[in-house]
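The structure file structure11.pdb is reproduced below (PDB, C-alpha atoms).
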ATOM      1  CA  MET A 286     -38.536  61.842   7.303
ATOM      2  CA  ALA A 287     -35.744  59.527   6.253
ATOM      3  CA  THR A 288     -33.770  62.563   4.987
ATOM      4  CA  GLU A 289     -34.142  64.289   8.383
ATOM      5  CA  ALA A 290     -32.946  61.183  10.227
ATOM      6  CA  THR A 291     -29.881  60.960   7.979
ATOM      7  CA  GLU A 292     -29.051  64.613   8.485
ATOM      8  CA  ALA A 293     -29.428  64.228  12.266
ATOM      9  CA  THR A 294     -27.134  61.213  12.310
ATOM     10  CA  THR A 295     -24.504  63.058  10.279
ATOM     11  CA  LYS A 296     -24.771  66.081  12.544
ATOM     12  CA  PHE A 297     -23.981  64.170  15.742
ATOM     13  CA  GLN A 298     -21.141  62.085  14.312
ATOM     14  CA  SER A 299     -17.606  62.957  15.468
ATOM     15  CA  PRO A 300     -15.248  64.319  12.789
ATOM     16  CA  GLY A 301     -13.044  61.159  12.994
ATOM     17  CA  PHE A 302     -15.950  58.816  12.537
ATOM     18  CA  ARG A 303     -15.524  56.129   9.864
ATOM     19  CA  PRO A 304     -18.367  53.765   9.118
ATOM     20  CA  VAL A 305     -17.601  50.111   9.832
ATOM     21  CA  PRO A 306     -17.985  48.071   6.638
ATOM     22  CA  SER A 307     -20.377  45.174   6.705
ATOM     23  CA  PRO A 308     -18.662  41.802   7.090
ATOM     24  CA  PRO A 309     -18.279  39.949   3.796
ATOM     25  CA  ASP A 310     -20.451  36.948   3.132
ATOM     26  CA  PHE A 311     -18.888  33.782   4.525
ATOM     27  CA  HIS A 312     -18.137  31.167   1.912
ATOM     28  CA  PRO A 313     -16.696  28.021   3.519
ATOM     29  CA  GLU A 314     -15.921  26.547   0.121
ATOM     30  CA  ILE A 315     -13.236  29.230  -0.379
ATOM     31  CA  ILE A 316     -11.342  27.878   2.618
ATOM     32  CA  VAL A 317     -11.830  24.252   1.609
ATOM     33  CA  SER A 318     -10.929  24.700  -2.074
ATOM     34  CA  THR A 319      -7.297  25.144  -3.015
ATOM     35  CA  HIS A 320      -6.197  24.814  -6.606
ATOM     36  CA  ASP A 321      -7.132  23.060  -9.868
ATOM     37  CA  GLY A 322     -10.600  22.387  -8.477
ATOM     38  CA  LEU A 323      -9.241  20.116  -5.723
ATOM     39  CA  ARG A 324      -9.435  20.427  -1.965
ATOM     40  CA  PHE A 325      -6.444  20.205   0.350
ATOM     41  CA  TRP A 326      -7.117  16.633   1.502
ATOM     42  CA  GLN A 327      -7.623  15.471  -2.094
ATOM     43  CA  PHE A 328      -4.109  16.589  -3.050
ATOM     44  CA  MET A 329      -2.819  14.624  -0.066
ATOM     45  CA  ILE A 330      -4.622  11.433  -1.096
ATOM     46  CA  ALA A 331      -3.554  11.754  -4.751
ATOM     47  CA  GLY A 332       0.079  12.330  -3.769
ATOM     48  CA  SER A 333       0.116   9.561  -1.166
ATOM     49  CA  VAL A 334      -1.295   6.924  -3.532
ATOM     50  CA  ALA A 335       0.951   8.012  -6.428
ATOM     51  CA  GLY A 336       4.104   7.929  -4.293
ATOM     52  CA  SER A 337       3.294   4.552  -2.751
ATOM     53  CA  VAL A 338       2.533   2.940  -6.138
ATOM     54  CA  GLU A 339       5.725   4.401  -7.626
ATOM     55  CA  HIS A 340       8.104   3.224  -4.901
ATOM     56  CA  MET A 341       6.537  -0.180  -4.299
ATOM     57  CA  THR A 342       6.585  -1.010  -8.015
ATOM     58  CA  MET A 343      10.215   0.011  -8.517
ATOM     59  CA  PHE A 344      11.605  -1.201  -5.172
ATOM     60  CA  PRO A 345      13.792  -4.064  -6.544
ATOM     61  CA  VAL A 346      15.622  -1.609  -8.829
ATOM     62  CA  ASP A 347      16.189   0.690  -5.847
ATOM     63  CA  THR A 348      17.702  -2.233  -3.928
ATOM     64  CA  VAL A 349      20.221  -2.869  -6.722
ATOM     65  CA  LYS A 350      21.149   0.824  -6.754
ATOM     66  CA  THR A 351      21.681   0.863  -2.973
ATOM     67  CA  HIS A 352      24.001  -2.165  -3.157
ATOM     68  CA  MET A 353      26.069  -0.574  -5.908
ATOM     69  CA  GLN A 354      26.443   2.745  -4.096
ATOM     70  CA  ALA A 355      27.378   1.373  -0.655
ATOM     71  CA  LEU A 356      31.177   1.207  -0.868
ATOM     72  CA  GLY A 357      32.620  -1.764   0.997
ATOM     73  CA  SER A 358      29.196  -3.304   1.455
ATOM     74  CA  CYS A 359      29.466  -7.068   1.708
ATOM     75  CA  PRO A 360      29.464  -8.969  -0.533
ATOM     76  CA  ILE A 361      29.235  -6.386  -3.339
ATOM     77  CA  LYS A 362      32.692  -5.621  -4.683
ATOM     78  CA  SER A 363      31.766  -4.527  -8.178
ATOM     79  CA  VAL A 364      29.716  -1.657  -9.524
ATOM     80  CA  GLY A 365      28.125  -3.620 -12.358
ATOM     81  CA  VAL A 366      24.356  -4.126 -12.430
ATOM     82  CA  ARG A 367      24.739  -7.783 -13.417
ATOM     83  CA  GLN A 368      27.156  -8.481 -10.577
ATOM     84  CA  ALA A 369      24.863  -6.746  -8.078
ATOM     85  CA  LEU A 370      21.892  -8.801  -9.248
ATOM     86  CA  ARG A 371      23.829 -12.068  -8.992
ATOM     87  CA  SER A 372      25.153 -11.215  -5.535
ATOM     88  CA  ILE A 373      21.710 -10.356  -4.138
ATOM     89  CA  LEU A 374      20.200 -13.555  -5.550
ATOM     90  CA  LYS A 375      23.090 -15.645  -4.212
ATOM     91  CA  SER A 376      22.979 -14.094  -0.735
ATOM     92  CA  GLU A 377      19.246 -13.950  -0.077
ATOM     93  CA  GLY A 378      17.335 -15.124  -3.134
ATOM     94  CA  PRO A 379      14.498 -13.156  -4.772
ATOM     95  CA  ALA A 380      13.240 -12.007  -1.356
ATOM     96  CA  GLY A 381      16.444  -9.958  -1.012
ATOM     97  CA  PHE A 382      15.124  -7.465  -3.565
ATOM     98  CA  TYR A 383      12.294  -6.578  -1.189
ATOM     99  CA  ARG A 384      14.149  -6.236   2.107
ATOM    100  CA  GLY A 385      13.168  -2.896   3.625
ATOM    101  CA  ILE A 386       9.947  -2.502   1.647
ATOM    102  CA  GLY A 387       8.043  -2.098   4.932
ATOM    103  CA  ALA A 388      10.046   1.031   5.750
ATOM    104  CA  MET A 389       9.347   2.336   2.262
ATOM    105  CA  GLY A 390       5.631   1.751   2.754
ATOM    106  CA  LEU A 391       5.651   3.680   6.043
ATOM    107  CA  GLY A 392       7.598   6.611   4.592
ATOM    108  CA  ALA A 393       6.513   7.011   0.964
ATOM    109  CA  GLY A 394       2.789   7.627   1.507
ATOM    110  CA  PRO A 395       3.019  10.454   4.073
ATOM    111  CA  ALA A 396       6.061  12.018   2.371
ATOM    112  CA  HIS A 397       4.392  12.182  -1.045
ATOM    113  CA  ALA A 398       1.182  13.505   0.483
ATOM    114  CA  VAL A 399       3.243  16.429   1.823
ATOM    115  CA  TYR A 400       5.254  16.634  -1.421
ATOM    116  CA  PHE A 401       2.390  17.154  -3.848
ATOM    117  CA  THR A 402       0.277  19.261  -1.495
ATOM    118  CA  VAL A 403       3.112  21.738  -0.934
ATOM    119  CA  TYR A 404       3.949  21.720  -4.657
ATOM    120  CA  GLU A 405       0.404  22.495  -5.803
ATOM    121  CA  ASN A 406      -0.098  25.247  -3.240
ATOM    122  CA  CYS A 407       3.275  26.855  -3.936
ATOM    123  CA  LYS A 408       2.645  26.644  -7.688
ATOM    124  CA  ARG A 409      -0.642  28.481  -7.222
ATOM    125  CA  VAL A 410       1.090  31.249  -5.250
ATOM    126  CA  PHE A 411       4.308  31.541  -7.284
ATOM    127  CA  SER A 412       2.892  31.273 -10.798
ATOM    128  CA  GLY A 413       0.686  34.355 -10.507
ATOM    129  CA  GLY A 414      -1.848  32.728 -12.801
ATOM    130  CA  ASP A 415       0.723  31.944 -15.515
ATOM    131  CA  PRO A 416       0.651  28.156 -16.216
ATOM    132  CA  ASN A 417       3.830  28.423 -18.331
ATOM    133  CA  ASN A 418       6.022  29.860 -15.569
ATOM    134  CA  SER A 419       8.913  27.354 -15.393
ATOM    135  CA  VAL A 420      10.663  29.276 -12.608
ATOM    136  CA  ALA A 421       7.531  28.998 -10.452
ATOM    137  CA  HIS A 422       7.365  25.251 -11.142
ATOM    138  CA  ALA A 423      11.023  24.774 -10.188
ATOM    139  CA  ALA A 424      10.729  26.904  -7.024
ATOM    140  CA  SER A 425       7.568  25.070  -5.997
ATOM    141  CA  GLY A 426       9.364  21.771  -6.445
ATOM    142  CA  VAL A 427      12.226  22.880  -4.198
ATOM    143  CA  CYS A 428       9.789  23.913  -1.446
ATOM    144  CA  ALA A 429       8.012  20.574  -1.795
ATOM    145  CA  THR A 430      11.191  18.516  -1.450
ATOM    146  CA  VAL A 431      12.426  20.394   1.648
ATOM    147  CA  ALA A 432       9.122  19.614   3.393
ATOM    148  CA  SER A 433       8.735  16.009   2.203
ATOM    149  CA  ASP A 434      12.364  15.039   2.892
ATOM    150  CA  ALA A 435      11.882  15.964   6.544
ATOM    151  CA  VAL A 436       9.148  13.302   6.641
ATOM    152  CA  PHE A 437      10.838  10.661   4.480
ATOM    153  CA  THR A 438      14.532  10.754   5.471
ATOM    154  CA  PRO A 439      14.270   8.651   8.694
ATOM    155  CA  MET A 440      12.429   5.803   6.949
ATOM    156  CA  ASP A 441      14.718   6.070   3.924
ATOM    157  CA  MET A 442      17.702   5.491   6.200
ATOM    158  CA  VAL A 443      16.024   2.426   7.746
ATOM    159  CA  LYS A 444      15.109   1.161   4.271
ATOM    160  CA  GLN A 445      18.654   1.436   2.934
ATOM    161  CA  ARG A 446      20.192  -0.319   5.932
ATOM    162  CA  LEU A 447      17.753  -3.188   5.532
ATOM    163  CA  GLN A 448      18.480  -3.427   1.793
ATOM    164  CA  LEU A 449      22.171  -4.250   2.306
ATOM    165  CA  SER A 450      23.242  -7.874   2.027
ATOM    166  CA  ASN A 451      23.899  -9.498   5.414
ATOM    167  CA  SER A 452      22.136  -6.585   7.134
ATOM    168  CA  PRO A 453      22.308  -7.077  10.926
ATOM    169  CA  TYR A 454      18.724  -5.871  11.400
ATOM    170  CA  LYS A 455      15.736  -8.232  11.600
ATOM    171  CA  GLY A 456      13.198  -5.691  10.401
ATOM    172  CA  VAL A 457      11.987  -2.083  10.545
ATOM    173  CA  LEU A 458      11.258  -1.990  14.273
ATOM    174  CA  ASP A 459      14.521  -3.728  15.184
ATOM    175  CA  CYS A 460      16.485  -1.263  13.033
ATOM    176  CA  VAL A 461      14.754   1.756  14.587
ATOM    177  CA  LYS A 462      15.372   0.498  18.145
ATOM    178  CA  ARG A 463      19.032  -0.350  17.580
ATOM    179  CA  VAL A 464      19.848   2.880  15.763
ATOM    180  CA  LEU A 465      18.246   4.907  18.559
ATOM    181  CA  ARG A 466      20.176   2.918  21.186
ATOM    182  CA  ASP A 467      23.567   2.855  19.467
ATOM    183  CA  GLU A 468      23.672   6.085  17.443
ATOM    184  CA  GLY A 469      20.940   8.343  18.784
ATOM    185  CA  PHE A 470      18.084  10.181  17.066
ATOM    186  CA  LYS A 471      20.413  12.325  14.939
ATOM    187  CA  ALA A 472      21.428   9.224  12.950
ATOM    188  CA  PHE A 473      17.998   9.232  11.307
ATOM    189  CA  TYR A 474      18.756  12.677   9.859
ATOM    190  CA  ALA A 475      22.482  12.205   9.142
ATOM    191  CA  SER A 476      21.813  12.524   5.410
ATOM    192  CA  TYR A 477      19.036  15.140   5.530
ATOM    193  CA  ARG A 478      21.252  18.025   4.423
ATOM    194  CA  THR A 479      22.696  15.963   1.570
ATOM    195  CA  THR A 480      19.220  14.706   0.643
ATOM    196  CA  VAL A 481      17.885  18.265   0.386
ATOM    197  CA  LEU A 482      20.943  19.419  -1.571
ATOM    198  CA  MET A 483      20.405  16.488  -3.948
ATOM    199  CA  ASN A 484      16.631  16.679  -4.213
ATOM    200  CA  ALA A 485      16.420  20.464  -4.566
ATOM    201  CA  PRO A 486      18.105  20.504  -8.018
ATOM    202  CA  PHE A 487      16.547  17.112  -8.804
ATOM    203  CA  THR A 488      13.052  18.435  -8.129
ATOM    204  CA  ALA A 489      13.687  21.769  -9.838
ATOM    205  CA  VAL A 490      14.819  19.984 -13.014
ATOM    206  CA  HIS A 491      12.095  17.362 -12.630
ATOM    207  CA  PHE A 492       9.102  19.664 -12.231
ATOM    208  CA  ALA A 493      10.251  22.241 -14.776
ATOM    209  CA  THR A 494      10.925  19.484 -17.336
ATOM    210  CA  TYR A 495       7.648  17.728 -16.552
ATOM    211  CA  GLU A 496       5.452  20.809 -16.898
ATOM    212  CA  ALA A 497       7.234  21.892 -20.112
ATOM    213  CA  ALA A 498       7.125  18.404 -21.653
ATOM    214  CA  LYS A 499       3.475  17.933 -20.702
ATOM    215  CA  ARG A 500       2.550  21.296 -22.203
ATOM    216  CA  GLY A 501       4.491  20.519 -25.387
ATOM    217  CA  LEU A 502       2.914  17.103 -25.796
ATOM    218  CA  MET A 503      -0.571  18.531 -25.283
ATOM    219  CA  GLU A 504       0.080  21.190 -27.942
ATOM    220  CA  VAL A 505       1.265  18.621 -30.503
ATOM    221  CA  SER A 506      -2.162  16.990 -30.613
ATOM    222  CA  PRO A 507      -4.693  19.275 -28.891
ATOM    223  CA  GLU A 508      -7.702  17.620 -30.546
ATOM    224  CA  SER A 509      -6.944  14.304 -28.831
ATOM    225  CA  ALA A 510      -5.528  15.774 -25.616
ATOM    226  CA  ASN A 511      -8.334  14.420 -23.440
ATOM    227  CA  ASP A 512      -8.098  10.892 -24.877
ATOM    228  CA  GLU A 513      -4.319  10.699 -24.642
ATOM    229  CA  GLN A 514      -3.729  12.621 -21.407
ATOM    230  CA  TRP A 515      -2.280   9.647 -19.550
ATOM    231  CA  ILE A 516       0.277   9.076 -22.338
ATOM    232  CA  ALA A 517       1.381  12.721 -22.127
ATOM    233  CA  HIS A 518       1.681  12.571 -18.341
ATOM    234  CA  ALA A 519       3.627   9.298 -18.431
ATOM    235  CA  THR A 520       5.976  10.451 -21.230
ATOM    236  CA  ALA A 521       6.609  13.845 -19.646
ATOM    237  CA  GLY A 522       7.196  12.199 -16.269
ATOM    238  CA  ALA A 523       9.635   9.672 -17.725
ATOM    239  CA  ALA A 524      11.668  12.378 -19.482
ATOM    240  CA  ALA A 525      11.767  14.509 -16.338
ATOM    241  CA  GLY A 526      12.758  11.578 -14.119
ATOM    242  CA  ALA A 527      15.572  10.412 -16.398
ATOM    243  CA  LEU A 528      17.181  13.838 -16.733
ATOM    244  CA  ALA A 529      16.888  14.739 -13.041
ATOM    245  CA  ALA A 530      18.230  11.327 -11.941
ATOM    246  CA  LEU A 531      21.340  11.542 -14.124
ATOM    247  CA  VAL A 532      22.221  15.084 -13.001
ATOM    248  CA  THR A 533      21.982  14.320  -9.267
ATOM    249  CA  THR A 534      23.582  10.838  -9.077
ATOM    250  CA  PRO A 535      26.801  11.998  -7.297
ATOM    251  CA  LEU A 536      24.835  13.451  -4.380
ATOM    252  CA  ASP A 537      22.714  10.306  -4.239
ATOM    253  CA  VAL A 538      25.906   8.275  -3.792
ATOM    254  CA  VAL A 539      26.923  10.567  -0.914
ATOM    255  CA  LYS A 540      23.469  10.197   0.660
ATOM    256  CA  THR A 541      23.664   6.393   0.532
ATOM    257  CA  GLN A 542      27.123   6.464   2.129
ATOM    258  CA  LEU A 543      25.893   8.606   5.019
ATOM    259  CA  GLN A 544      22.809   6.495   5.622
ATOM    260  CA  CYS A 545      24.622   3.143   5.510
ATOM    261  CA  GLN A 546      27.786   4.130   7.364
ATOM    262  CA  GLY A 547      29.092   1.518   9.768
ATOM    263  CA  VAL A 548      26.761  -1.226   8.464
ATOM    264  CA  CYS A 549      27.972  -4.340   6.586
ATOM    265  CA  GLY A 550      31.491  -2.997   6.189
ATOM    266  CA  CYS A 551      30.530   0.473   4.948
ATOM    267  CA  ASP A 552      32.850   3.297   5.981
ATOM    268  CA  ARG A 553      31.962   5.389   9.024
ATOM    269  CA  PHE A 554      32.624   9.122   8.668
ATOM    270  CA  LYS A 555      33.853  11.248  11.551
ATOM    271  CA  SER A 556      32.367  14.567  10.504
ATOM    272  CA  GLY A 557      29.478  13.421   8.330
ATOM    273  CA  SER A 558      30.130  16.319   5.977
ATOM    274  CA  ILE A 559      29.525  16.050   2.244
ATOM    275  CA  GLY A 560      33.152  16.987   1.511
ATOM    276  CA  ASP A 561      34.449  14.225   3.793
ATOM    277  CA  VAL A 562      32.331  11.608   2.014
ATOM    278  CA  ILE A 563      33.314  12.838  -1.461
ATOM    279  CA  ARG A 564      37.022  12.723  -0.556
ATOM    280  CA  THR A 565      36.638   9.137   0.687
ATOM    281  CA  ILE A 566      34.856   8.075  -2.499
ATOM    282  CA  LEU A 567      37.458   9.742  -4.726
ATOM    283  CA  LYS A 568      40.303   8.123  -2.774
ATOM    284  CA  LYS A 569      38.828   4.608  -2.989
ATOM    285  CA  ASP A 570      37.117   4.628  -6.369
ATOM    286  CA  GLY A 571      38.092   7.767  -8.291
ATOM    287  CA  TYR A 572      35.633  10.074 -10.023
ATOM    288  CA  GLY A 573      33.755   7.074 -11.386
ATOM    289  CA  GLY A 574      32.721   6.298  -7.825
ATOM    290  CA  LEU A 575      30.527   9.402  -7.770
ATOM    291  CA  MET A 576      28.460   7.938 -10.600
ATOM    292  CA  ARG A 577      28.010   4.542  -8.974
ATOM    293  CA  GLY A 578      24.523   3.225  -9.577
ATOM    294  CA  TRP A 579      23.592   5.768 -12.249
ATOM    295  CA  VAL A 580      22.178   3.049 -14.516
ATOM    296  CA  PRO A 581      19.734   1.576 -11.971
ATOM    297  CA  ARG A 582      19.007   5.086 -10.722
ATOM    298  CA  MET A 583      17.872   6.107 -14.211
ATOM    299  CA  LEU A 584      16.129   2.751 -14.657
ATOM    300  CA  PHE A 585      14.318   3.511 -11.409
ATOM    301  CA  HIS A 586      13.388   7.149 -11.914
ATOM    302  CA  THR A 587      12.351   6.990 -15.584
ATOM    303  CA  PRO A 588       9.449   4.522 -15.176
ATOM    304  CA  ALA A 589       8.903   5.588 -11.548
ATOM    305  CA  ALA A 590       8.233   9.186 -12.556
ATOM    306  CA  ALA A 591       5.962   8.003 -15.375
ATOM    307  CA  ILE A 592       4.012   5.811 -12.936
ATOM    308  CA  CYS A 593       3.883   8.512 -10.272
ATOM    309  CA  TRP A 594       2.734  11.368 -12.520
ATOM    310  CA  SER A 595       0.180   9.342 -14.488
ATOM    311  CA  THR A 596      -1.277   7.950 -11.233
ATOM    312  CA  TYR A 597      -1.296  11.386  -9.616
ATOM    313  CA  GLU A 598      -2.949  13.094 -12.580
ATOM    314  CA  ALA A 599      -5.504  10.268 -12.913
ATOM    315  CA  ILE A 600      -6.540  10.646  -9.265
ATOM    316  CA  LYS A 601      -6.650  14.432  -9.682
ATOM    317  CA  SER A 602      -8.971  14.015 -12.674
ATOM    318  CA  PHE A 603     -11.168  11.667 -10.649
ATOM    319  CA  PHE A 604     -11.497  14.209  -7.835
ATOM    320  CA  GLN A 605     -12.070  17.066 -10.288
ATOM    321  CA  ASP A 606     -14.954  15.145 -11.883
ATOM    322  CA  LEU A 607     -16.293  14.243  -8.436
ATOM    323  CA  ASN A 608     -16.178  17.850  -7.242
ATOM    324  CA  SER A 609     -17.711  19.098 -10.482
ATOM    325  CA  SER A 610     -20.637  16.670 -10.239
ATOM    326  CA  SER A 611     -21.148  17.608  -6.571
ATOM    327  CA  ASP A 612     -21.244  21.306  -7.468
ATOM    328  CA  ASN A 613     -23.784  20.635 -10.223
ATOM    329  CA  VAL A 614     -26.030  18.728  -7.804
ATOM    330  CA  THR A 615     -25.927  21.532  -5.245
TER     331      THR A 615
END
Give the structure from this file in structure tokens form.
Amino acid sequence: MATEATEATTKFQSPGFRPVPSPPDFHPEIIVSTHDGLRFWQFMIAGSVAGSVEHMTMFPVDTVKTHMQALGSCPIKSVGVRQALRSILKSEGPAGFYRGIGAMGLGAGPAHAVYFTVYENCKRVFSGGDPNNSVAHAASGVCATVASDAVFTPMDMVKQRLQLSNSPYKGVLDCVKRVLRDEGFKAFYASYRTTVLMNAPFTAVHFATYEAAKRGLMEVSPESANDEQWIAHATAGAAAGALAALVTTPLDVVKTQLQCQGVCGCDRFKSGSIGDVIRTILKKDGYGGLMRGWVPRMLFHTPAAAICWSTYEAIKSFFQDLNSSSDNVT
């Protein structure tokens, strides 16, 4: 009987008939899960906490670097670290090292949440399942920095203006209001192009070096890899941060000039182009001016990267264990 029904159905079907496939089973966990056993929101939390801890811890060093790079900034007249330290202490005391930390707090968390989320998702797509693909790591890092810089650049500009000695701004809100009134919204993104041009190679070098160094360190002592993971992450992060910081210092100087222009005696640039800023620096300070602040920049990024990566990987491990235990329960 079943055979007759099948034959009848086939007989009355049109020649162009194609059976509609049954819909696949719906698995919501496929949408929620992303990569490395973590969900989308967990990458965001891990990145946000890691970035905030990194920048808050190293903020005084960043303040010294900003002072050294802002040509004409009062009262800094020398590029030496010792002179910058003395001048900040003389002008404002120890509190001067933390001027602008509120802007950093508002910008670092959201920016790093975007940064690491984009990086992990791009790495999953670009690597094609190959964990040793350095090109994929570098490309993922570039994508991550383009996205995160769009979030961070406005607050970074506010932060740097507040860091300058004798800054005319009372705080974050006052700076935002006055910049909007006097210079317009575009002033918040005056350095975005330079920031991306600086951070793209910085991040490419950083991520490629980090992944390679981490892999190498894990292979040196695989039997104790689990016990010494945090040391590997911190060491790999420090090496990556130091190398990337040194290579991109000239563009960081340009970025600082664009963000601090017209404040505390800093030059104001008519065109705002990278070439215009570089020519001004070369005219006033020679080629050495392009490396202003390289010592505090390396002193910042070496431990900062170690702190950031070890914190990020620790939170990732926590979420991986949490997700694994939840899966076992269900």
Worksheet entry | Atomic separation - atom CA of A:Tyr474 relative to atom CA of A:Ile559, Å | 13.6 Å
Discussion item. Counting only C-alpha atoms, find residues at most 12 Å from (17.9, 15.9, -18.6) (file frame) and give them as a PyMOL selection string.
Written reply: chain A and resi 486-495+498+521-533+583+586-587
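Once stretch 454-460 of chain A and its same-chain neighbours fewer than 4 positions away are set aside, A:Gly387, A:Ala388, A:Val443, A:Leu447, A:Val464 remain within 7 Å of it when counting all atoms listed in the file.
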Worksheet item: Expressed in Å to a single decimal, how great is the separation between atom CA of A:Val580 and atom CA of A:Phe344?
Response: 14.7 Å
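Straight-line separation from atom CA of A:Leu374 to atom CA of A:Met442: 22.5 Å.
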Worksheet item: Taking the file as shown, what set of residues would the PyMOL selection byres ((chain A and resi 401) around 9) give back, as a PyMOL selection string?
Response: chain A and resi 328-329+331-333+396-400+402-406+426+429+433+597
Discussion item. The PyMOL selection byres ((chain A and resi 484) around 9) - which residues does that actually catch in the file I just gave you? List them as a PyMOL selection string.
Written reply: chain A and resi 427+430-431+434+479-483+485-489+533+536-537
Rebuild stretch 467-480 of chain A so that it carries N, CA, C and O atoms, then output the result as an mmCIF file, keeping the file's coordinate frame.
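out_30.cif was written with the following content:
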data_model
loop_
_atom_site.group_PDB
_atom_site.id
_atom_site.type_symbol
_atom_site.label_atom_id
_atom_site.label_comp_id
_atom_site.auth_asym_id
_atom_site.auth_seq_id
_atom_site.Cartn_x
_atom_site.Cartn_y
_atom_site.Cartn_z
ATOM 1 N N ASP A 467 22.129 2.809 19.743
ATOM 2 C CA ASP A 467 23.567 2.855 19.467
ATOM 3 C C ASP A 467 24.060 4.192 18.907
ATOM 4 O O ASP A 467 25.203 4.581 19.147
ATOM 5 N N GLU A 468 23.210 4.890 18.138
ATOM 6 C CA GLU A 468 23.672 6.085 17.443
ATOM 7 C C GLU A 468 22.881 7.352 17.788
ATOM 8 O O GLU A 468 23.311 8.452 17.448
ATOM 9 N N GLY A 469 21.739 7.178 18.415
ATOM 10 C CA GLY A 469 20.940 8.343 18.784
ATOM 11 C C GLY A 469 20.009 8.796 17.663
ATOM 12 O O GLY A 469 20.109 8.339 16.518
ATOM 13 N N PHE A 470 19.108 9.716 18.004
ATOM 14 C CA PHE A 470 18.084 10.181 17.066
ATOM 15 C C PHE A 470 18.689 10.881 15.848
ATOM 16 O O PHE A 470 18.148 10.788 14.737
ATOM 17 N N LYS A 471 19.826 11.554 16.046
ATOM 18 C CA LYS A 471 20.413 12.325 14.939
ATOM 19 C C LYS A 471 20.823 11.439 13.765
ATOM 20 O O LYS A 471 20.943 11.917 12.638
ATOM 21 N N ALA A 472 21.037 10.133 14.031
ATOM 22 C CA ALA A 472 21.428 9.224 12.950
ATOM 23 C C ALA A 472 20.347 9.122 11.874
ATOM 24 O O ALA A 472 20.650 8.891 10.699
ATOM 25 N N PHE A 473 19.089 9.314 12.274
ATOM 26 C CA PHE A 473 17.998 9.232 11.307
ATOM 27 C C PHE A 473 18.030 10.398 10.318
ATOM 28 O O PHE A 473 17.464 10.312 9.232
ATOM 29 N N TYR A 474 18.684 11.495 10.726
ATOM 30 C CA TYR A 474 18.756 12.677 9.859
ATOM 31 C C TYR A 474 20.192 12.997 9.430
ATOM 32 O O TYR A 474 20.480 14.108 9.016
ATOM 33 N N ALA A 475 21.076 11.990 9.516
ATOM 34 C CA ALA A 475 22.482 12.205 9.142
ATOM 35 C C ALA A 475 22.620 12.651 7.692
ATOM 36 O O ALA A 475 23.529 13.413 7.345
ATOM 37 N N SER A 476 21.706 12.201 6.840
ATOM 38 C CA SER A 476 21.813 12.524 5.410
ATOM 39 C C SER A 476 20.808 13.592 4.969
ATOM 40 O O SER A 476 20.693 13.848 3.770
ATOM 41 N N TYR A 477 20.098 14.211 5.924
ATOM 42 C CA TYR A 477 19.036 15.140 5.530
ATOM 43 C C TYR A 477 19.573 16.314 4.706
ATOM 44 O O TYR A 477 19.004 16.676 3.675
ATOM 45 N N ARG A 478 20.679 16.895 5.150
ATOM 46 C CA ARG A 478 21.252 18.025 4.423
ATOM 47 C C ARG A 478 21.643 17.622 3.004
ATOM 48 O O ARG A 478 21.335 18.329 2.032
ATOM 49 N N THR A 479 22.308 16.452 2.889
ATOM 50 C CA THR A 479 22.696 15.963 1.570
ATOM 51 C C THR A 479 21.467 15.644 0.724
ATOM 52 O O THR A 479 21.439 15.912 -0.490
ATOM 53 N N THR A 480 20.451 15.062 1.358
ATOM 54 C CA THR A 480 19.220 14.706 0.643
ATOM 55 C C THR A 480 18.558 15.949 0.064
ATOM 56 O O THR A 480 18.112 15.955 -1.098
#
